[in-house]
file run.cif (mmCIF, C-alpha atoms and all ligand atoms)
data_data
loop_
_atom_site.label_atom_id
_atom_site.label_comp_id
_atom_site.auth_asym_id
_atom_site.auth_seq_id
_atom_site.Cartn_x
_atom_site.Cartn_y
_atom_site.Cartn_z
CA MET M 122 -21.21 4.01 -2.05
CA ASN M 123 -18.93 6.56 -0.41
CA ALA M 124 -17.72 8.69 -3.37
CA ASP M 125 -14.74 10.09 -1.42
CA ARG M 126 -13.32 6.59 -1.07
CA LEU M 127 -14.34 5.10 -4.38
CA ILE M 128 -11.88 2.87 -6.18
CA SER M 129 -13.19 1.51 -9.46
CA PHE M 130 -11.78 -0.97 -11.97
CA ARG M 131 -13.69 -1.49 -15.19
CA ALA M 132 -12.60 -4.53 -17.24
CA VAL M 133 -8.93 -3.96 -16.38
CA SER M 134 -6.22 -6.20 -17.81
CA VAL M 135 -2.45 -5.84 -17.56
CA ASP M 136 -0.15 -7.69 -19.95
CA PHE M 137 3.60 -8.03 -19.57
CA ASP M 138 5.22 -9.29 -22.78
CA ASN M 139 3.29 -12.51 -23.38
CA ARG M 140 1.98 -12.91 -19.82
CA THR M 141 -1.33 -11.58 -18.47
CA ALA M 142 -0.75 -10.40 -14.90
CA LEU M 143 -4.29 -9.12 -14.42
CA ASP M 144 -7.20 -10.46 -16.42
CA ASP M 145 -10.43 -8.51 -16.92
CA VAL M 146 -10.87 -7.23 -13.37
CA SER M 147 -13.96 -5.20 -12.53
CA VAL M 148 -14.62 -4.04 -8.99
CA LEU M 149 -16.08 -1.13 -7.02
CA LEU M 150 -14.68 -0.53 -3.55
CA ASP M 151 -15.45 2.09 -0.92
CA GLN M 152 -14.54 0.20 2.25
CA LYS M 153 -11.99 1.67 4.63
CA ARG M 154 -9.77 -1.41 4.94
CA ILE M 155 -9.38 -3.59 1.87
CA ALA M 156 -7.26 -6.76 1.99
CA VAL M 157 -5.82 -8.39 -1.11
CA ILE M 158 -4.87 -12.06 -0.88
CA GLY M 159 -3.82 -14.84 -3.28
CA SER M 160 -0.96 -17.16 -4.19
CA ASN M 161 2.41 -15.97 -5.43
CA GLY M 162 2.11 -14.49 -8.89
CA SER M 163 -1.71 -14.19 -8.74
CA GLY M 164 -1.70 -10.46 -9.57
CA LYS M 165 -1.94 -8.81 -6.12
CA SER M 166 1.02 -6.47 -6.53
CA THR M 167 -0.04 -5.58 -10.06
CA PHE M 168 -3.47 -4.62 -8.71
CA ALA M 169 -1.83 -2.49 -5.99
CA ARG M 170 0.56 -0.83 -8.42
CA LEU M 171 -2.30 0.23 -10.67
CA LEU M 172 -3.63 2.32 -7.80
CA ASN M 173 -0.74 4.75 -7.89
CA GLY M 174 0.30 4.60 -11.50
CA LEU M 175 3.35 2.36 -10.97
CA ALA M 176 1.64 0.00 -13.41
CA SER M 177 -0.76 0.96 -16.15
CA ALA M 178 -3.73 -0.91 -17.57
CA SER M 179 -3.27 -2.50 -20.98
CA ARG M 180 -7.07 -2.46 -21.29
CA GLY M 181 -9.92 -1.06 -19.19
CA GLU M 182 -10.16 1.86 -16.81
CA VAL M 183 -8.91 2.53 -13.27
CA ARG M 184 -10.15 5.40 -11.11
CA VAL M 185 -8.97 6.16 -7.60
CA HIS M 186 -11.09 8.74 -5.78
CA GLY M 187 -12.09 10.07 -9.21
CA ILE M 188 -8.49 10.35 -10.44
CA ASP M 189 -6.92 8.58 -13.41
CA PRO M 190 -3.66 7.29 -11.85
CA VAL M 191 -1.68 7.42 -15.09
CA ARG M 192 -2.87 10.68 -16.63
CA GLN M 193 -3.12 12.55 -13.35
CA GLY M 194 -0.02 11.07 -11.78
CA ARG M 195 1.17 14.17 -9.94
CA LEU M 196 -2.19 14.74 -8.29
CA LEU M 197 -2.49 11.08 -7.41
CA ARG M 198 0.95 10.79 -5.81
CA ARG M 199 -0.05 13.41 -3.25
CA ARG M 200 -3.23 11.55 -2.43
CA VAL M 201 -1.99 7.97 -2.46
CA GLY M 202 0.89 6.74 -0.30
CA PHE M 203 2.60 3.48 -1.16
CA ILE M 204 4.40 1.34 1.42
CA PHE M 205 6.54 -1.49 0.05
CA SER M 206 7.78 -4.56 1.91
CA ASN M 207 11.37 -3.47 1.40
CA PRO M 208 11.83 0.00 2.91
CA ASP M 209 15.25 0.40 1.27
CA SER M 210 13.46 0.96 -2.00
CA GLN M 211 11.73 4.08 -0.72
CA ILE M 212 14.12 5.82 1.65
CA VAL M 213 15.61 8.63 -0.43
CA MET M 214 17.43 11.01 1.92
CA PRO M 215 20.53 10.51 4.10
CA THR M 216 19.01 11.06 7.54
CA VAL M 217 15.76 10.14 9.25
CA ALA M 218 14.46 13.71 9.65
CA GLU M 219 15.49 14.69 6.11
CA ASP M 220 13.75 11.67 4.63
CA ILE M 221 10.47 12.46 6.37
CA ALA M 222 10.73 16.15 5.45
CA PHE M 223 11.38 15.29 1.80
CA THR M 224 7.72 14.31 1.29
CA LEU M 225 6.65 17.83 2.25
CA ARG M 226 8.83 19.59 -0.32
CA GLY M 227 7.03 21.84 -2.74
CA ARG M 228 3.90 22.10 -0.60
CA GLY M 229 4.43 25.71 0.43
CA LEU M 230 4.75 24.90 4.15
CA SER M 231 6.90 27.05 6.47
CA ARG M 232 10.10 25.60 7.91
CA THR M 233 8.47 25.57 11.37
CA GLU M 234 5.47 23.67 10.12
CA VAL M 235 7.67 21.11 8.35
CA ASP M 236 9.76 20.66 11.53
CA GLU M 237 6.63 20.21 13.64
CA ARG M 238 5.15 17.60 11.33
CA VAL M 239 8.44 15.73 11.13
CA SER M 240 8.80 15.67 14.95
CA ARG M 241 5.25 14.42 15.34
CA MET M 242 6.01 11.50 13.01
CA ILE M 243 9.28 10.72 14.77
CA ASP M 244 7.46 10.57 18.12
CA THR M 245 4.50 8.56 16.80
CA TYR M 246 6.66 5.93 15.12
CA GLY M 247 9.16 5.44 17.93
CA LEU M 248 12.09 6.99 16.09
CA SER M 249 12.96 9.54 18.80
CA GLY M 250 16.70 9.88 19.24
CA HIS M 251 17.29 8.85 15.61
CA GLU M 252 16.43 12.20 13.98
CA ASP M 253 19.95 12.77 12.67
CA SER M 254 20.91 9.12 12.28
CA PRO M 255 21.88 7.96 8.81
CA ALA M 256 18.88 6.04 7.48
CA HIS M 257 21.09 3.12 6.44
CA SER M 258 22.17 2.60 10.07
CA LEU M 259 18.64 1.73 11.20
CA SER M 260 17.44 -1.82 11.73
CA GLY M 261 15.03 -3.38 9.21
CA GLY M 262 12.04 -2.67 11.46
CA GLN M 263 13.13 0.91 12.13
CA LYS M 264 13.58 1.45 8.39
CA GLN M 265 10.02 0.27 7.82
CA LEU M 266 8.83 2.69 10.51
CA LEU M 267 10.77 5.45 8.74
CA ALA M 268 9.33 4.54 5.34
CA MET M 269 5.83 4.66 6.84
CA SER M 270 6.50 7.99 8.53
CA SER M 271 7.74 9.45 5.26
CA VAL M 272 4.54 8.38 3.52
CA LEU M 273 2.09 9.31 6.28
CA VAL M 274 3.56 12.77 6.92
CA GLY M 275 2.12 13.78 3.55
CA GLU M 276 -1.38 12.92 4.86
CA PRO M 277 -2.46 10.86 1.84
CA GLU M 278 -6.12 9.88 1.52
CA LEU M 279 -5.29 6.29 0.62
CA ILE M 280 -2.45 4.07 1.76
CA VAL M 281 -1.49 1.12 -0.41
CA ALA M 282 0.72 -1.26 1.53
CA ASP M 283 2.28 -4.24 -0.27
CA GLU M 284 3.39 -6.79 2.34
CA PRO M 285 4.45 -4.06 4.78
CA THR M 286 5.26 -6.51 7.56
CA ALA M 287 7.19 -9.07 5.51
CA LEU M 288 10.59 -8.15 6.94
CA LEU M 289 9.50 -7.35 10.49
CA ASP M 290 9.83 -9.23 13.75
CA ALA M 291 6.73 -10.13 15.76
CA ALA M 292 6.75 -6.96 17.87
CA ASN M 293 7.14 -4.61 14.91
CA THR M 294 4.59 -6.60 12.88
CA ARG M 295 2.10 -6.04 15.68
CA ARG M 296 2.97 -2.38 15.98
CA ILE M 297 2.81 -1.61 12.25
CA SER M 298 -0.30 -3.67 11.61
CA ASN M 299 -2.16 -2.22 14.61
CA HIS M 300 -1.34 1.22 13.38
CA LEU M 301 -2.37 0.57 9.79
CA LEU M 302 -5.54 -1.29 10.68
CA ASP M 303 -6.79 0.42 13.81
CA HIS M 304 -5.33 3.88 14.21
CA MET M 305 -5.01 5.42 10.79
CA PRO M 306 -7.89 7.54 9.56
CA GLN M 307 -7.06 6.80 5.92
CA GLN M 308 -8.42 4.20 3.58
CA LEU M 309 -6.05 1.23 3.30
CA VAL M 310 -5.38 -1.35 0.60
CA LEU M 311 -3.31 -4.09 2.21
CA VAL M 312 -1.66 -6.79 0.11
CA THR M 313 -0.78 -9.62 2.44
CA HIS M 314 -0.11 -13.32 2.85
CA ASP M 315 -0.91 -12.94 6.56
CA LEU M 316 -4.52 -14.06 6.81
CA ARG M 317 -4.79 -12.79 10.39
CA LEU M 318 -4.27 -9.27 9.05
CA ALA M 319 -6.65 -9.82 6.14
CA ARG M 320 -9.34 -10.98 8.57
CA ARG M 321 -9.19 -7.62 10.35
CA CYS M 322 -10.14 -5.74 7.16
CA ASP M 323 -13.65 -4.78 5.99
CA VAL M 324 -13.49 -6.64 2.68
CA VAL M 325 -11.17 -9.20 1.12
CA LEU M 326 -10.26 -9.55 -2.56
CA TRP M 327 -8.91 -12.95 -3.54
CA PHE M 328 -6.87 -13.06 -6.73
CA ASP M 329 -6.15 -16.27 -8.60
CA GLN M 330 -4.13 -16.42 -11.82
CA GLY M 331 -4.73 -12.75 -12.55
CA ARG M 332 -8.47 -12.90 -12.02
CA LEU M 333 -10.48 -11.50 -9.14
CA PHE M 334 -11.74 -14.89 -8.02
CA ARG M 335 -13.77 -13.92 -4.92
CA GLN M 336 -14.52 -10.77 -2.95
CA GLY M 337 -16.56 -10.07 0.13
CA ASP M 338 -16.78 -10.59 3.86
CA PRO M 339 -13.31 -11.47 5.23
CA HIS M 340 -14.42 -14.42 7.33
CA THR M 341 -16.33 -16.11 4.52
CA VAL M 342 -13.75 -15.48 1.79
CA ILE M 343 -10.80 -16.46 3.99
CA ALA M 344 -12.51 -19.67 5.18
CA ASP M 345 -12.89 -20.66 1.49
CA TYR M 346 -9.33 -19.62 0.75
CA GLU M 347 -8.01 -21.76 3.60
CA ARG M 348 -10.00 -24.77 2.39
CA ASN M 349 -8.48 -24.29 -1.08
CA HIS M 350 -4.94 -23.88 0.19
CA ALA M 351 -4.93 -26.58 2.87
N1 LIG U 401 7.26 -5.93 -14.48
C1 LIG U 401 6.88 -7.16 -14.84
N2 LIG U 401 7.36 -7.73 -15.98
C2 LIG U 401 6.98 -8.96 -16.36
N3 LIG U 401 6.13 -9.74 -15.66
C3 LIG U 401 5.63 -9.24 -14.52
C4 LIG U 401 5.99 -7.93 -14.04
N4 LIG U 401 5.33 -7.71 -12.88
C5 LIG U 401 4.60 -8.83 -12.64
N5 LIG U 401 4.77 -9.74 -13.62
C6 LIG U 401 4.13 -11.06 -13.69
O1 LIG U 401 2.75 -10.89 -13.46
C7 LIG U 401 2.24 -11.93 -12.64
C8 LIG U 401 1.59 -11.34 -11.40
O2 LIG U 401 2.61 -10.76 -10.58
P1 LIG U 401 2.31 -10.00 -9.22
O3 LIG U 401 3.60 -9.44 -8.74
O4 LIG U 401 1.19 -9.06 -9.43
O5 LIG U 401 1.85 -11.20 -8.29
P2 LIG U 401 1.63 -11.25 -6.71
O6 LIG U 401 0.30 -11.88 -6.50
O7 LIG U 401 1.86 -9.92 -6.11
O8 LIG U 401 2.77 -12.26 -6.27
P3 LIG U 401 3.62 -12.41 -4.88
O9 LIG U 401 2.70 -12.92 -3.84
O10 LIG U 401 4.65 -13.41 -5.28
O11 LIG U 401 4.20 -11.06 -4.60
C9 LIG U 401 3.41 -12.85 -12.35
O12 LIG U 401 3.35 -13.92 -13.25
C10 LIG U 401 4.63 -11.99 -12.60
O13 LIG U 401 5.71 -12.77 -13.04
#
call {"tool": "encode", "arguments": {"input": "run.cif", "output": "structure tokens", "more": "lines below"}}
Ligand SMILES: Nc1ncnc2c1ncn2[C@@H]1O[C@H](COP(=O)(O)OP(=O)(O)OP(=O)(O)O)[C@@H](O)[C@H]1O
result
Amino acid sequence: MNADRLISFRAVSVDFDNRTALDDVSVLLDQKRIAVIGSNGSGKSTFARLLNGLASASRGEVRVHGIDPVRQGRLLRRRVGFIFSNPDSQIVMPTVAEDIAFTLRGRGLSRTEVDERVSRMIDTYGLSGHEDSPAHSLSGGQKQLLAMSSVLVGEPELIVADEPTALLDAANTRRISNHLLDHMPQQLVLVTHDLRLARRCDVVLWFDQGRLFRQGDPHTVIADYERNHA
């Protein structure tokens, strides 16, 4: 096991009122690209949200790269970047450049260094010419590119992406997924209904009614999943 990339769940359950969203999940993961699949309401997002402390375990223990996401929230938020399907929920500043720079606040970087990192992101994610544009004037796909830039500029060790391509057209889906799956050095947890994307990962977790039903080689697990959901 690669300790630098270790994600561990020990008998983790999450209850909401009288509903169990995640039921006694135990898993050890150190793969670079981890896909999470399952029907609507099966617990995928709850699993993802445990990784950065947006949800907390009712029972059991979660560790992400040795960190307790709830108790060591500040430390974890620097190390784990979260990309949602709806970028509007994570764009916080009025303009493109300001939003990307916001992530770097409080890190003791010089103005020049912040500007350089922001420009690099703007170039990489095809947002050149939009530096001073109001974020709300961007298209849905451009907003997703901005949301990703704002997360990745902080150089997190782990990216958790919950349906990051749900609102994108085919060209932007290709662009974002190629970047996440093939070009990023970071570990990735990708929650997706798109089995083509899941197949490109190193391991697949299949959730069913809050339980981790199957995990393993993408081709084997997805073939079973397709047979079950035909
Ligand atoms: N904040 C919450 N309060 C109450 N119930 C919740 C909350 N979050 C999730 N749940 C419930 O927990 C269960 C699992 O939800 P979750 O969002 O993890 O599923 P999912 O697999 O991500 O679904 P989808 O594919 O539809 O996004 C569902 O029954 C959902 O209604």
call {"tool": "closest_residue", "arguments": {"input": "run.cif", "among": "M:Gln336, M:Thr313, M:Ser129, M:Gln263", "to": "ligand LIG 401 (chain U)", "atoms": "all atoms listed in the file"}}
result
M:Thr313
call {"tool": "residues_near_ligand", "arguments": {"input": "run.cif", "ligand": "ligand LIG 401 (chain U)", "cutoff": "7 Å", "atoms": "only C-alpha atoms and all ligand atoms", "output": "ChimeraX atom specification"}}
result
/M:137-138,140-143,159-168,331
call {"tool": "residues_around", "arguments": {"input": "run.cif", "residues": "range 207-218 of chain M", "least_positions_apart": "5", "cutoff": "9 Å", "atoms": "all atoms listed in the file", "output": "PyMOL selection string"}}
result
chain M and resi 223+236+239-240+243+248+251-257+261-262+264-269+271+284-285+287-288
call {"tool": "closest_residue", "arguments": {"input": "run.cif", "among": "M:Ser206, M:Asp303, M:Val157, M:Arg335", "to": "Leu316 in chain M", "atoms": "all atoms listed in the file"}}
result
M:Val157
call {"tool": "residues_around", "arguments": {"input": "run.cif", "residues": "range 317-324 of chain M", "least_positions_apart": "2", "cutoff": "7 Å", "atoms": "all atoms listed in the file", "output": "number ranges by chain"}}
result
M: 152-156, 313, 315, 326, 337-340
call {"tool": "atom_distance", "arguments": {"input": "run.cif", "atom1": "CA of Ile158 in chain M", "atom2": "CA of Arg192 in chain M"}}
result
27.7 Å
call {"tool": "atom_distance", "arguments": {"input": "run.cif", "atom1": "CA of Arg228 in chain M", "atom2": "CA of Gly275 in chain M"}}
result
9.5 Å
call {"tool": "closest_residue", "arguments": {"input": "run.cif", "among": "M:Gln307, M:Ser270, M:Asn139, M:Thr286", "to": "Val201 in chain M", "atoms": "all atoms listed in the file"}}
result
M:Gln307
